[in-house]
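Listing of query24.txt, compact mmCIF, C-alpha atoms and all ligand atoms
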```
# COMPACT_ATOMS: atom_id res chain seq x y z
CA MET A 2 -28.56 -13.87 -0.24
CA ALA A 3 -31.49 -11.46 -0.34
CA THR A 4 -33.11 -11.06 -3.75
CA GLY A 5 -35.18 -8.16 -4.99
CA GLY A 6 -35.77 -4.95 -3.03
CA GLY A 7 -33.03 -2.90 -1.47
CA GLN A 8 -29.84 -4.77 -0.75
CA THR A 9 -26.97 -3.97 1.56
CA VAL A 10 -23.37 -3.97 0.34
CA VAL A 11 -20.82 -3.75 3.14
CA VAL A 12 -17.23 -2.73 2.39
CA LEU A 13 -14.77 -3.52 5.20
CA GLY A 14 -11.83 -1.12 5.20
CA GLY A 15 -11.59 2.57 4.33
CA GLY A 16 -8.22 2.49 2.58
CA ILE A 17 -7.47 2.59 -1.14
CA GLY A 18 -9.45 -0.54 -2.04
CA GLY A 19 -12.40 0.11 0.27
CA VAL A 20 -12.90 3.76 -0.71
CA ALA A 21 -12.54 2.98 -4.43
CA ALA A 22 -15.07 0.13 -4.13
CA ALA A 23 -17.60 2.14 -2.10
CA ASN A 24 -17.43 5.11 -4.49
CA ARG A 25 -17.90 2.91 -7.57
CA LEU A 26 -20.77 0.98 -5.98
CA ARG A 27 -22.50 4.20 -4.98
CA ARG A 28 -22.19 5.59 -8.50
CA ARG A 29 -23.52 2.39 -10.07
CA LEU A 30 -26.34 1.36 -7.70
CA ASP A 31 -29.75 2.97 -7.18
CA ARG A 32 -30.27 4.65 -3.83
CA ASP A 33 -32.64 1.95 -2.60
CA HIS A 34 -29.51 -0.20 -2.15
CA ARG A 35 -27.29 0.62 0.83
CA VAL A 36 -23.52 0.98 0.56
CA VAL A 37 -21.91 0.82 4.00
CA LEU A 38 -18.18 1.40 4.54
CA VAL A 39 -16.58 0.32 7.83
CA ASN A 40 -13.19 1.50 9.09
CA ARG A 41 -11.49 1.66 12.48
CA ASP A 42 -10.05 5.16 12.01
CA PRO A 43 -12.18 8.18 11.14
CA ASP A 44 -9.67 9.36 8.53
CA PHE A 45 -8.44 8.11 5.17
CA THR A 46 -4.73 8.72 4.65
CA TYR A 47 -2.90 8.33 1.35
CA ALA A 48 0.23 6.24 1.92
CA ALA A 49 1.86 7.01 -1.44
CA SER A 50 2.35 10.59 -0.22
CA TYR A 51 4.08 9.63 3.04
CA LEU A 52 7.46 9.75 1.29
CA TRP A 53 6.71 13.39 0.45
CA VAL A 54 5.92 13.95 4.14
CA MET A 55 9.35 12.44 4.81
CA THR A 56 10.99 14.91 2.40
CA GLY A 57 8.98 17.85 3.74
CA SER A 58 7.05 18.41 0.48
CA ARG A 59 3.69 17.53 2.08
CA ARG A 60 2.12 18.36 5.41
CA PRO A 61 0.21 15.48 7.07
CA GLU A 62 -3.14 17.22 6.58
CA GLN A 63 -2.53 17.26 2.81
CA THR A 64 -2.58 13.45 2.82
CA THR A 65 -5.62 13.05 5.11
CA ARG A 66 -9.39 13.29 4.59
CA PRO A 67 -12.29 12.41 6.95
CA LEU A 68 -14.10 9.30 5.73
CA LYS A 69 -17.40 10.86 6.82
CA ARG A 70 -17.17 13.03 3.71
CA LEU A 71 -18.34 9.97 1.78
CA GLU A 72 -21.75 10.41 3.44
CA ARG A 73 -22.37 13.44 1.20
CA ARG A 74 -22.57 10.94 -1.67
CA GLY A 75 -24.90 8.55 0.11
CA ILE A 76 -22.31 6.08 1.43
CA GLU A 77 -22.99 5.13 5.06
CA VAL A 78 -19.77 5.32 7.07
CA MET A 79 -19.38 3.29 10.27
CA ILE A 80 -16.29 4.03 12.31
CA GLY A 81 -15.38 1.04 14.47
CA GLU A 82 -13.24 -2.04 14.84
CA VAL A 83 -14.37 -5.13 12.92
CA THR A 84 -13.91 -7.92 15.47
CA ASP A 85 -15.67 -10.82 13.80
CA ILE A 86 -16.42 -11.89 10.21
CA ASP A 87 -18.68 -14.85 9.45
CA PRO A 88 -18.39 -15.22 5.67
CA THR A 89 -21.01 -17.98 5.49
CA THR A 90 -23.80 -15.70 6.70
CA ARG A 91 -21.95 -12.44 5.85
CA THR A 92 -22.48 -11.34 9.43
CA LEU A 93 -20.03 -8.90 10.97
CA THR A 94 -19.37 -7.54 14.41
CA VAL A 95 -18.32 -3.88 14.43
CA GLY A 96 -17.75 -2.12 17.75
CA GLY A 97 -19.99 -4.68 19.46
CA ARG A 98 -22.81 -4.19 16.92
CA THR A 99 -23.94 -6.80 14.41
CA LEU A 100 -24.24 -6.02 10.73
CA THR A 101 -25.41 -8.36 7.98
CA ALA A 102 -24.50 -7.87 4.34
CA ASP A 103 -26.08 -9.20 1.16
CA HIS A 104 -22.72 -8.58 -0.55
CA LEU A 105 -19.43 -8.17 1.27
CA VAL A 106 -16.11 -6.67 0.14
CA VAL A 107 -13.18 -7.35 2.46
CA ALA A 108 -10.44 -4.71 2.10
CA LEU A 109 -8.81 -4.60 5.54
CA GLY A 110 -5.25 -4.25 4.25
CA ALA A 111 -2.23 -5.66 6.08
CA ASP A 112 -1.11 -5.08 9.66
CA TRP A 113 2.38 -3.96 10.60
CA ALA A 114 4.47 -6.69 12.19
CA THR A 115 7.38 -4.50 13.34
CA ASP A 116 7.77 -6.60 16.52
CA LYS A 117 9.04 -9.52 14.41
CA VAL A 118 12.46 -7.81 14.36
CA PRO A 119 13.68 -7.04 17.90
CA GLY A 120 14.67 -3.41 18.35
CA LEU A 121 13.41 -2.31 14.92
CA GLY A 122 10.58 -0.10 16.18
CA ASP A 123 12.61 1.29 19.10
CA HIS A 124 15.80 2.13 17.21
CA GLY A 125 14.58 2.65 13.67
CA HIS A 126 12.44 5.16 11.82
CA THR A 127 9.82 4.31 9.22
CA TYR A 128 8.17 6.30 6.44
CA ALA A 129 5.41 3.67 6.25
CA THR A 130 3.09 5.48 8.68
CA LEU A 131 2.16 9.14 8.77
CA PRO A 132 3.56 9.81 12.28
CA GLY A 133 6.64 7.78 11.36
CA ALA A 134 7.22 9.83 8.20
CA GLN A 135 6.95 13.05 10.25
CA ARG A 136 9.52 11.85 12.80
CA LEU A 137 11.84 10.67 10.04
CA ALA A 138 11.55 14.05 8.29
CA ALA A 139 12.86 15.70 11.48
CA GLU A 140 15.78 13.25 11.71
CA LEU A 141 16.73 13.74 8.05
CA ALA A 142 16.62 17.51 8.42
CA ARG A 143 19.04 17.21 11.36
CA ILE A 144 21.65 14.76 10.09
CA GLU A 145 24.96 16.39 9.07
CA SER A 146 27.25 13.36 8.87
CA GLY A 147 27.29 9.61 9.44
CA ARG A 148 25.61 6.59 7.91
CA ILE A 149 21.97 6.00 6.95
CA ALA A 150 20.88 2.37 6.48
CA VAL A 151 17.64 1.89 4.54
CA VAL A 152 16.33 -1.65 5.05
CA THR A 153 13.43 -3.84 4.08
CA ALA A 154 12.75 -5.88 7.18
CA ALA A 155 11.20 -8.92 5.47
CA PRO A 156 10.76 -10.15 1.89
CA LEU A 157 6.97 -9.47 2.12
CA TYR A 158 6.01 -5.84 2.63
CA LYS A 159 3.74 -3.16 1.19
CA CYS A 160 4.72 -1.43 -2.04
CA PRO A 161 7.91 -3.07 -3.36
CA ALA A 162 9.12 0.23 -4.82
CA ALA A 163 8.83 2.32 -1.65
CA PRO A 164 12.13 1.39 0.08
CA TYR A 165 14.12 2.15 -3.08
CA GLU A 166 12.17 5.35 -3.61
CA ALA A 167 12.90 6.27 0.03
CA ALA A 168 16.64 5.76 -0.47
CA LEU A 169 16.66 7.83 -3.68
CA LEU A 170 14.70 10.66 -2.05
CA ILE A 171 16.92 10.60 1.03
CA ASP A 172 19.95 10.88 -1.26
CA ALA A 173 18.37 13.80 -3.15
CA GLY A 174 17.49 15.59 0.09
CA LEU A 175 21.03 15.27 1.44
CA ARG A 176 22.42 16.61 -1.85
CA ALA A 177 20.03 19.57 -1.72
CA ARG A 178 21.28 20.34 1.81
CA GLY A 179 24.90 20.03 0.68
CA VAL A 180 25.76 17.27 3.17
CA ARG A 181 25.68 14.19 0.93
CA ASP A 182 29.47 13.86 0.86
CA ARG A 183 29.44 13.50 4.65
CA VAL A 184 26.51 11.10 4.88
CA GLN A 185 26.79 7.56 3.54
CA VAL A 186 23.53 5.99 2.32
CA VAL A 187 23.24 2.21 2.04
CA VAL A 188 20.34 -0.10 1.20
CA ARG A 189 20.11 -3.61 2.64
CA SER A 190 17.18 -5.66 1.38
CA ALA A 191 15.73 -8.88 2.70
CA GLU A 192 14.69 -9.82 -0.84
CA PRO A 193 17.20 -11.15 -3.42
CA ALA A 194 16.94 -8.09 -5.72
CA PRO A 195 14.95 -4.84 -5.93
CA MET A 196 11.29 -5.50 -6.82
CA PRO A 197 12.05 -9.12 -7.81
CA VAL A 198 8.48 -9.92 -8.91
CA ALA A 199 8.82 -7.32 -11.69
CA GLY A 200 11.67 -9.31 -13.22
CA ALA A 201 15.43 -9.13 -13.71
CA ASN A 202 15.41 -6.09 -16.03
CA VAL A 203 13.50 -3.94 -13.56
CA SER A 204 15.72 -5.14 -10.70
CA ALA A 205 18.84 -4.25 -12.67
CA ALA A 206 17.44 -0.82 -13.61
CA VAL A 207 16.63 0.01 -9.98
CA GLN A 208 20.07 -1.18 -8.88
CA GLN A 209 21.57 1.14 -11.49
CA LEU A 210 19.55 4.10 -10.16
CA LEU A 211 21.05 3.42 -6.72
CA ALA A 212 24.59 2.90 -8.05
CA ASP A 213 24.43 6.13 -10.10
CA ARG A 214 23.87 8.03 -6.86
CA GLY A 215 26.55 6.25 -4.87
CA ILE A 216 24.07 4.28 -2.77
CA ASP A 217 25.63 0.97 -1.79
CA TYR A 218 23.12 -1.88 -2.22
CA GLN A 219 23.28 -5.39 -0.82
CA PRO A 220 20.38 -7.83 -1.36
CA GLY A 221 19.52 -10.91 0.66
CA ARG A 222 20.34 -9.17 3.94
CA GLN A 223 17.52 -9.86 6.38
CA ILE A 224 17.75 -7.59 9.41
CA THR A 225 17.50 -9.74 12.53
CA SER A 226 17.71 -7.07 15.24
CA ALA A 227 18.65 -3.46 15.89
CA GLU A 228 20.19 -1.59 18.78
CA PRO A 229 21.29 2.04 19.07
CA GLY A 230 23.81 2.71 16.28
CA THR A 231 24.00 -0.93 15.09
CA VAL A 232 21.98 -3.15 12.79
CA HIS A 233 22.37 -6.93 12.90
CA PHE A 234 21.93 -9.21 9.89
CA GLY A 235 22.34 -12.67 11.39
CA ASP A 236 26.07 -13.13 12.00
CA THR A 237 27.13 -9.74 10.63
CA SER A 238 26.54 -6.22 11.89
CA GLU A 239 26.79 -2.71 10.46
CA ASP A 240 26.83 0.80 11.92
CA ALA A 241 23.81 2.98 11.31
CA ASP A 242 23.45 6.47 12.69
CA LEU A 243 19.95 6.47 11.24
CA LEU A 244 18.06 3.23 10.55
CA VAL A 245 15.20 3.66 8.08
CA TYR A 246 12.86 0.70 7.57
CA MET A 247 9.83 -0.69 5.78
CA PRO A 248 8.09 -2.92 8.35
CA PRO A 249 7.19 -6.56 7.79
CA ILE A 250 3.46 -7.21 7.43
CA SER A 251 0.98 -9.76 8.71
CA ALA A 252 -2.66 -10.57 7.99
CA PRO A 253 -5.20 -8.59 10.04
CA PRO A 254 -6.13 -10.80 13.06
CA VAL A 255 -9.86 -10.49 12.37
CA ILE A 256 -9.24 -12.21 9.02
CA ALA A 257 -6.68 -14.68 10.33
CA ASN A 258 -9.24 -15.77 12.95
CA SER A 259 -12.07 -16.16 10.44
CA ALA A 260 -13.07 -18.87 7.98
CA LEU A 261 -11.70 -16.63 5.20
CA ALA A 262 -8.10 -17.28 6.29
CA ALA A 263 -5.78 -19.42 4.17
CA ASP A 264 -1.94 -19.63 4.41
CA GLY A 265 -0.51 -17.16 6.89
CA GLY A 266 -3.98 -15.80 7.65
CA TRP A 267 -4.35 -14.10 4.25
CA ILE A 268 -7.32 -14.55 1.91
CA HIS A 269 -6.84 -16.60 -1.26
CA ALA A 270 -9.12 -14.65 -3.60
CA HIS A 271 -9.64 -15.72 -7.21
CA PRO A 272 -7.03 -13.81 -9.28
CA ALA A 273 -9.58 -12.47 -11.79
CA THR A 274 -12.93 -12.27 -9.96
CA LEU A 275 -11.60 -11.74 -6.42
CA ALA A 276 -14.28 -14.18 -5.23
CA THR A 277 -13.42 -15.89 -1.94
CA GLY A 278 -15.37 -19.13 -2.32
CA PHE A 279 -18.08 -17.84 0.06
CA GLU A 280 -21.19 -16.69 -1.80
CA GLY A 281 -21.35 -12.91 -2.13
CA VAL A 282 -17.98 -12.37 -0.41
CA TYR A 283 -15.05 -10.76 -2.27
CA ALA A 284 -11.58 -9.77 -1.09
CA ILE A 285 -9.36 -7.09 -2.60
CA GLY A 286 -6.04 -5.38 -1.95
CA ASP A 287 -3.38 -6.09 0.64
CA ASN A 288 -5.38 -8.65 2.63
CA THR A 289 -5.40 -11.03 -0.35
CA HIS A 290 -2.60 -13.43 -1.19
CA ILE A 291 -2.67 -14.08 -4.95
CA VAL A 292 0.13 -16.38 -5.98
CA LEU A 293 1.52 -15.68 -9.47
CA GLY A 294 2.80 -18.27 -11.95
CA ILE A 295 6.36 -17.65 -10.71
CA GLY A 296 5.31 -18.81 -7.24
CA LYS A 297 5.55 -15.34 -5.66
CA PRO A 298 2.57 -13.28 -4.50
CA LEU A 299 1.13 -10.31 -6.37
CA PRO A 300 2.77 -7.30 -4.67
CA ARG A 301 0.77 -5.41 -2.06
CA ALA A 302 0.14 -2.15 -3.91
CA GLY A 303 -2.65 0.41 -4.05
CA VAL A 304 -2.74 0.25 -7.83
CA PHE A 305 -3.95 -3.35 -7.64
CA ALA A 306 -6.36 -2.68 -4.76
CA HIS A 307 -7.87 0.12 -6.88
CA SER A 308 -8.35 -1.99 -10.04
CA GLN A 309 -9.66 -4.94 -8.06
CA ALA A 310 -12.14 -2.63 -6.31
CA HIS A 311 -13.62 -1.65 -9.66
CA VAL A 312 -13.93 -5.28 -10.78
CA VAL A 313 -15.68 -6.29 -7.56
CA ALA A 314 -17.97 -3.24 -7.50
CA ASP A 315 -19.01 -3.97 -11.09
CA THR A 316 -19.53 -7.66 -10.31
CA ILE A 317 -21.78 -6.87 -7.35
CA THR A 318 -23.68 -4.29 -9.41
CA ALA A 319 -24.17 -6.88 -12.16
CA THR A 320 -25.44 -9.43 -9.63
CA ILE A 321 -27.94 -6.96 -8.17
CA THR A 322 -29.16 -5.60 -11.49
CA GLY A 323 -29.10 -8.92 -13.35
CA LYS A 324 -26.61 -7.68 -15.95
CA PRO A 325 -23.68 -9.77 -17.32
CA ALA A 326 -20.58 -9.99 -15.11
CA PRO A 327 -17.71 -7.65 -16.08
CA ALA A 328 -14.28 -8.77 -17.27
CA GLY A 329 -12.05 -9.83 -14.40
CA PHE A 330 -8.91 -8.18 -13.02
CA ASP A 331 -6.18 -8.69 -15.64
CA GLY A 332 -3.07 -8.16 -13.51
CA HIS A 333 -2.02 -4.86 -15.08
CA GLY A 334 -0.52 -2.19 -12.87
CA GLY A 335 2.19 0.40 -12.58
CA CYS A 336 3.98 2.47 -10.01
CA PHE A 337 6.06 5.61 -9.85
CA ILE A 338 9.50 5.65 -8.23
CA GLU A 339 10.47 9.16 -7.21
CA THR A 340 14.17 9.73 -7.82
CA GLY A 341 14.40 13.30 -6.48
CA ALA A 342 14.74 16.74 -8.07
CA GLY A 343 11.23 16.56 -9.54
CA ARG A 344 11.74 13.35 -11.48
CA ALA A 345 10.38 9.83 -11.19
CA ALA A 346 10.79 6.51 -12.94
CA TYR A 347 7.67 4.52 -13.85
CA GLY A 348 7.36 0.75 -13.87
CA SER A 349 4.31 -0.85 -15.45
CA GLY A 350 3.14 -4.04 -17.06
CA ASN A 351 1.17 -7.22 -16.71
CA PHE A 352 1.82 -9.11 -13.48
CA TYR A 353 -0.41 -11.99 -14.63
CA ALA A 354 1.61 -12.56 -17.83
CA ASP A 355 2.59 -16.16 -18.48
CA PRO A 356 5.11 -17.58 -17.62
CA ALA A 357 6.32 -14.52 -15.67
CA PRO A 358 5.24 -10.89 -15.10
CA LYS A 359 6.08 -8.63 -18.04
CA VAL A 360 7.06 -5.29 -16.56
CA ALA A 361 9.20 -2.42 -17.90
CA LEU A 362 10.77 0.50 -16.06
CA HIS A 363 10.75 3.87 -17.82
CA THR A 364 13.77 6.04 -17.08
CA PRO A 365 13.34 8.98 -14.70
CA ALA A 366 11.59 11.98 -16.19
CA ARG A 367 9.63 15.00 -15.02
CA ARG A 368 6.41 13.67 -16.56
CA TRP A 369 6.38 10.59 -14.32
CA HIS A 370 6.79 12.80 -11.26
CA TRP A 371 3.85 14.91 -12.44
CA GLY A 372 1.91 11.71 -13.15
CA LYS A 373 2.32 10.76 -9.50
CA VAL A 374 1.31 14.25 -8.31
CA THR A 375 -1.73 14.28 -10.63
CA PHE A 376 -2.93 10.92 -9.36
CA GLU A 377 -2.46 12.02 -5.74
CA GLN A 378 -4.49 15.18 -6.38
CA ARG A 379 -7.27 13.16 -7.99
CA VAL A 380 -7.47 10.86 -4.96
CA MET A 381 -7.48 13.70 -2.43
CA ARG A 382 -9.93 15.91 -4.33
CA ARG A 383 -12.30 13.47 -5.98
CA TRP A 384 -12.36 10.31 -3.88
CA LEU A 385 -13.39 11.95 -0.61
C1 LIG B 1 5.05 4.42 2.31
C2 LIG B 1 4.14 3.71 1.36
C3 LIG B 1 4.10 4.13 0.04
C4 LIG B 1 3.28 3.48 -0.86
N1 LIG B 1 3.28 3.90 -2.16
C5 LIG B 1 2.50 3.26 -3.05
C6 LIG B 1 2.50 3.67 -4.41
O1 LIG B 1 3.18 4.63 -4.81
N2 LIG B 1 1.72 2.97 -5.28
C7 LIG B 1 0.97 1.90 -4.88
O2 LIG B 1 0.30 1.30 -5.72
N3 LIG B 1 0.95 1.49 -3.59
C8 LIG B 1 1.69 2.15 -2.68
N4 LIG B 1 1.68 1.74 -1.37
C9 LIG B 1 0.89 0.57 -0.96
C10 LIG B 1 -0.57 0.96 -0.75
O3 LIG B 1 -0.68 2.00 0.18
C11 LIG B 1 -1.35 -0.26 -0.26
O4 LIG B 1 -1.06 -1.36 -1.07
C12 LIG B 1 -2.84 0.05 -0.32
O5 LIG B 1 -3.16 1.06 0.61
C13 LIG B 1 -3.65 -1.20 -0.06
O6 LIG B 1 -5.00 -0.86 -0.07
P1 LIG B 1 -6.03 -1.70 0.83
O7 LIG B 1 -7.36 -1.06 0.63
O8 LIG B 1 -5.88 -3.14 0.54
O9 LIG B 1 -5.53 -1.50 2.33
P2 LIG B 1 -5.37 -0.17 3.15
O10 LIG B 1 -5.27 1.01 2.26
O11 LIG B 1 -4.26 -0.41 4.11
O12 LIG B 1 -6.74 -0.04 3.95
C14 LIG B 1 -7.13 -0.97 4.94
C15 LIG B 1 -8.04 -0.25 5.92
O13 LIG B 1 -8.67 -1.21 6.80
C16 LIG B 1 -8.65 -0.70 8.12
N5 LIG B 1 -8.74 -1.84 9.05
C17 LIG B 1 -7.85 -2.85 9.19
N6 LIG B 1 -8.30 -3.72 10.12
C18 LIG B 1 -9.49 -3.24 10.56
C19 LIG B 1 -10.45 -3.71 11.50
N7 LIG B 1 -10.29 -4.85 12.19
N8 LIG B 1 -11.58 -2.98 11.70
C20 LIG B 1 -11.77 -1.81 11.02
N9 LIG B 1 -10.92 -1.33 10.13
C21 LIG B 1 -9.78 -2.03 9.90
C22 LIG B 1 -7.34 0.06 8.20
O14 LIG B 1 -7.36 0.99 9.26
C23 LIG B 1 -7.29 0.73 6.81
O15 LIG B 1 -7.95 1.98 6.81
C24 LIG B 1 2.48 2.38 -0.43
C25 LIG B 1 2.51 1.98 0.90
C26 LIG B 1 3.32 2.63 1.79
C27 LIG B 1 3.34 2.19 3.23
```
As structure tokens - that is how I would like this structure written.
Amino acid sequence: MATGGGQTVVVLGGGIGGVAAANRLRRRLDRDHRVVLVNRDPDFTYAASYLWVMTGSRRPEQTTRPLKRLERRGIEVMIGEVTDIDPTTRTLTVGGRTLTADHLVVALGADWATDKVPGLGDHGHTYATLPGAQRLAAELARIESGRIAVVTAAPLYKCPAAPYEAALLIDAGLRARGVRDRVQVVVRSAEPAPMPVAGANVSAAVQQLLADRGIDYQPGRQITSAEPGTVHFGDTSEDADLLVYMPPISAPPVIANSALAADGGWIHAHPATLATGFEGVYAIGDNTHIVLGIGKPLPRAGVFAHSQAHVVADTITATITGKPAPAGFDGHGGCFIETGAGRAAYGSGNFYADPAPKVALHTPARRWHWGKVTFEQRVMRRWL
């Protein structure tokens, strides 16, 4: 690792974790040190708002900002595909060019693995991507009667709350249009309970939110394939006029093919420091696989990517400036669950608590909805 003089910090990924890390590094480091952010797409999009695109409360451009805006702050932005990572030398290949980092933050997120379930992409609609949320919005605006099946297509997916939030918002939208009595809404989850990592109380509270709105919920139902009008769960099948899904995820291939990869191609970062075991290389957010005391992984959620980004940015700053290392990531996090009609529930707690995560769900209220809106506005106005 270079010592003295200007150093180069490279952040791979321009999502929640990458943008939060690059901003914090730029604020903390003198300008003789370079902060370089690399992303394949020119735009940052804020996934937590996609469900509002689905409901028609946001236009896609309200959730999108050009990453190049970071250059106004002195962050170098490289748009290109990362095709090779050598963590030993911290050498990267981006769009055929070679880049070497003194300090490297890997925040490449998780890839969609929709193809794992035959027919899912062809016959289902997802709110998990911006174009998908737009198409789903059109379908929801059209439906007058029938059956909507909201599924999680694997036990491991991004944002454990999102599928339940989607079902609650779909219910609220149908009620607002006066067609709810003609449209059945069901949730079938691959996992054994809603948000199981958050514990039995949170699972029960989310189930109650669904039951209160007449949404039939069945856990442990892994979708195995889909065809027009029908969803298959192993030996059983159900009708679905509209299939709404959260896709399975997989590790980004560039990580899975690198020396950083552990089980399933994910990175096993240290739970507190996010160190990878390679000197000067840290991993944050969805591309990490941090196994909790209960044997399940820390959920893939932006709230964790954001906190981890700050820890890593402060650690790198401390290394460069010779100051003491900061406290590590402590496992705290929370998320809003929109329930419709301007209300949201809010679950928060310590996911690193021993022997099991200690998380509580606050009942739906207007203030949690406004908390979600306020955070969204801060990201869109201040981050980029
Ligand atoms: C519908 C939905 C709603 C959500 N709601 C919430 C919420 O309310 N609260 C919450 O905490 N979390 C939420 N999440 C989860 C949250 O969006 C993710 O956990 C978060 O974005 C992870 O941040 P990240 O930086 O690790 O990855 P990402 O934000 O996914 O960023 C990764 C970036 O790396 C880029 N990339 C990947 N591979 C390459 C490559 N080879 N070369 C170049 N660039 C590459 C990608 O294009 C992407 O820009 C939601 C997710 C979805 C889908």
Sorted by chain and rising residue number, which residues of region 142-184 of chain A lie within 7 Å of region 328-349 of chain A, and what are their closest atom pairs and distances in Å to one decimal, counting all atoms listed in the file, as JSON lines?
```
{"residue": "A:Ala162", "atom": "CA", "partner": "A:Ile338", "partner_atom": "CA", "distance": 6.4}
{"residue": "A:Glu166", "atom": "CA", "partner": "A:Ile338", "partner_atom": "CA", "distance": 5.3}
{"residue": "A:Leu169", "atom": "CA", "partner": "A:Thr340", "partner_atom": "CA", "distance": 5.2}
{"residue": "A:Leu170", "atom": "CA", "partner": "A:Gly341", "partner_atom": "CA", "distance": 5.2}
{"residue": "A:Ala173", "atom": "CA", "partner": "A:Gly341", "partner_atom": "CA", "distance": 5.2}
```
- Could you pull out the residues sitting within 7 Å of ligand LIG 1 (chain B), using only C-alpha atoms and all ligand atoms, and write them as an MDAnalysis selection string? chainID A and resid 13:19 39:42 45 47:52 81:84 108:111 128:130 159:160 163 253 255 285:288 301:306 336:337
- Task: Find the distance between CA of Arg60 (chain A) and CA of Leu131 (chain A) and write it in Å to one decimal.
- Result: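 Interatomic distance, CA of Arg60 (chain A) to CA of Leu131 (chain A): 9.8 Å.
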- Message: Could you list, as a ChimeraX atom specification, every residue within 7 Å of Leu385 (chain A), counting all atoms listed in the file and ignoring same-chain residues fewer than 5 positions away?
- Response: /A:66,68,70-71
- Pick the closest to Asp112 (chain A) from A:Ala276, A:Ile216, A:Leu211, A:Ala257: which is it, counting only C-alpha atoms?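 Checking each candidate against Asp112 (chain A), we get A:Ala257 as the closest.
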- Query: Could you name the residues that touch region 227-244 of chain A at 9 Å or less, counting only C-alpha atoms, but leaving out those on the same chain fewer than 6 positions away, as a PyMOL selection string?
  - Reply: chain A and resi 118-127+140-141+144+146-152
- In terms of only C-alpha atoms, the residue from A:Ala102, A:Val187, A:Val198, A:Val11 at minimal distance from Thr89 (chain A) is A:Ala102
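CA of Lys373 (chain A) sits 22.4 Å away from CA of Tyr246 (chain A).
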- Task: Calculate how many Å separate CA of Ile80 (chain A) from CA of Thr320 (chain A), rounding to one decimal.
- Result: 27.3 Å
- Item | Contacts of Asp264 (chain A) at 10 Å (only C-alpha atoms; same-chain gap of 4+ positions) as number ranges by chain | A: 252, 257, 268-269, 290
- Message: I'd like to know which of A:Tyr158, A:Asp31, A:Trp267, A:Tyr165 is closest to Leu210 (chain A), using all atoms listed in the file.
- Response: A:Tyr165
- Which one of A:Thr46, A:Thr364, A:Ala134, A:Tyr353 sits closest to Gln63 (chain A) if you count all atoms listed in the file?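 Going through A:Thr46, A:Thr364, A:Ala134, A:Tyr353 one by one, the smallest distance to Gln63 (chain A) is for A:Thr46.
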- Task: Might you pull out every residue within 7 Å of Pro164 (chain A), with all atoms listed in the file counted and same-chain residues fewer than 4 positions away left off, and present them as a list in words?
- Result: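 Neighbouring residues, sequence-local ones excluded: Thr153, Ala168 and Met247 of chain A.
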- Query: Quick one: of A:Val292, A:Pro132, A:Leu261, A:Ala201, who's nearest to Gly278 (chain A), counting all atoms listed in the file?
  - Reply: A:Leu261
- Message: Using only C-alpha atoms, can you tell me which of A:Val312, A:Ala138, A:Val360, A:Ala366 comes closest to Arg59 (chain A)?
- Response: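 The answer is A:Ala138, which sits nearest to Arg59 (chain A).
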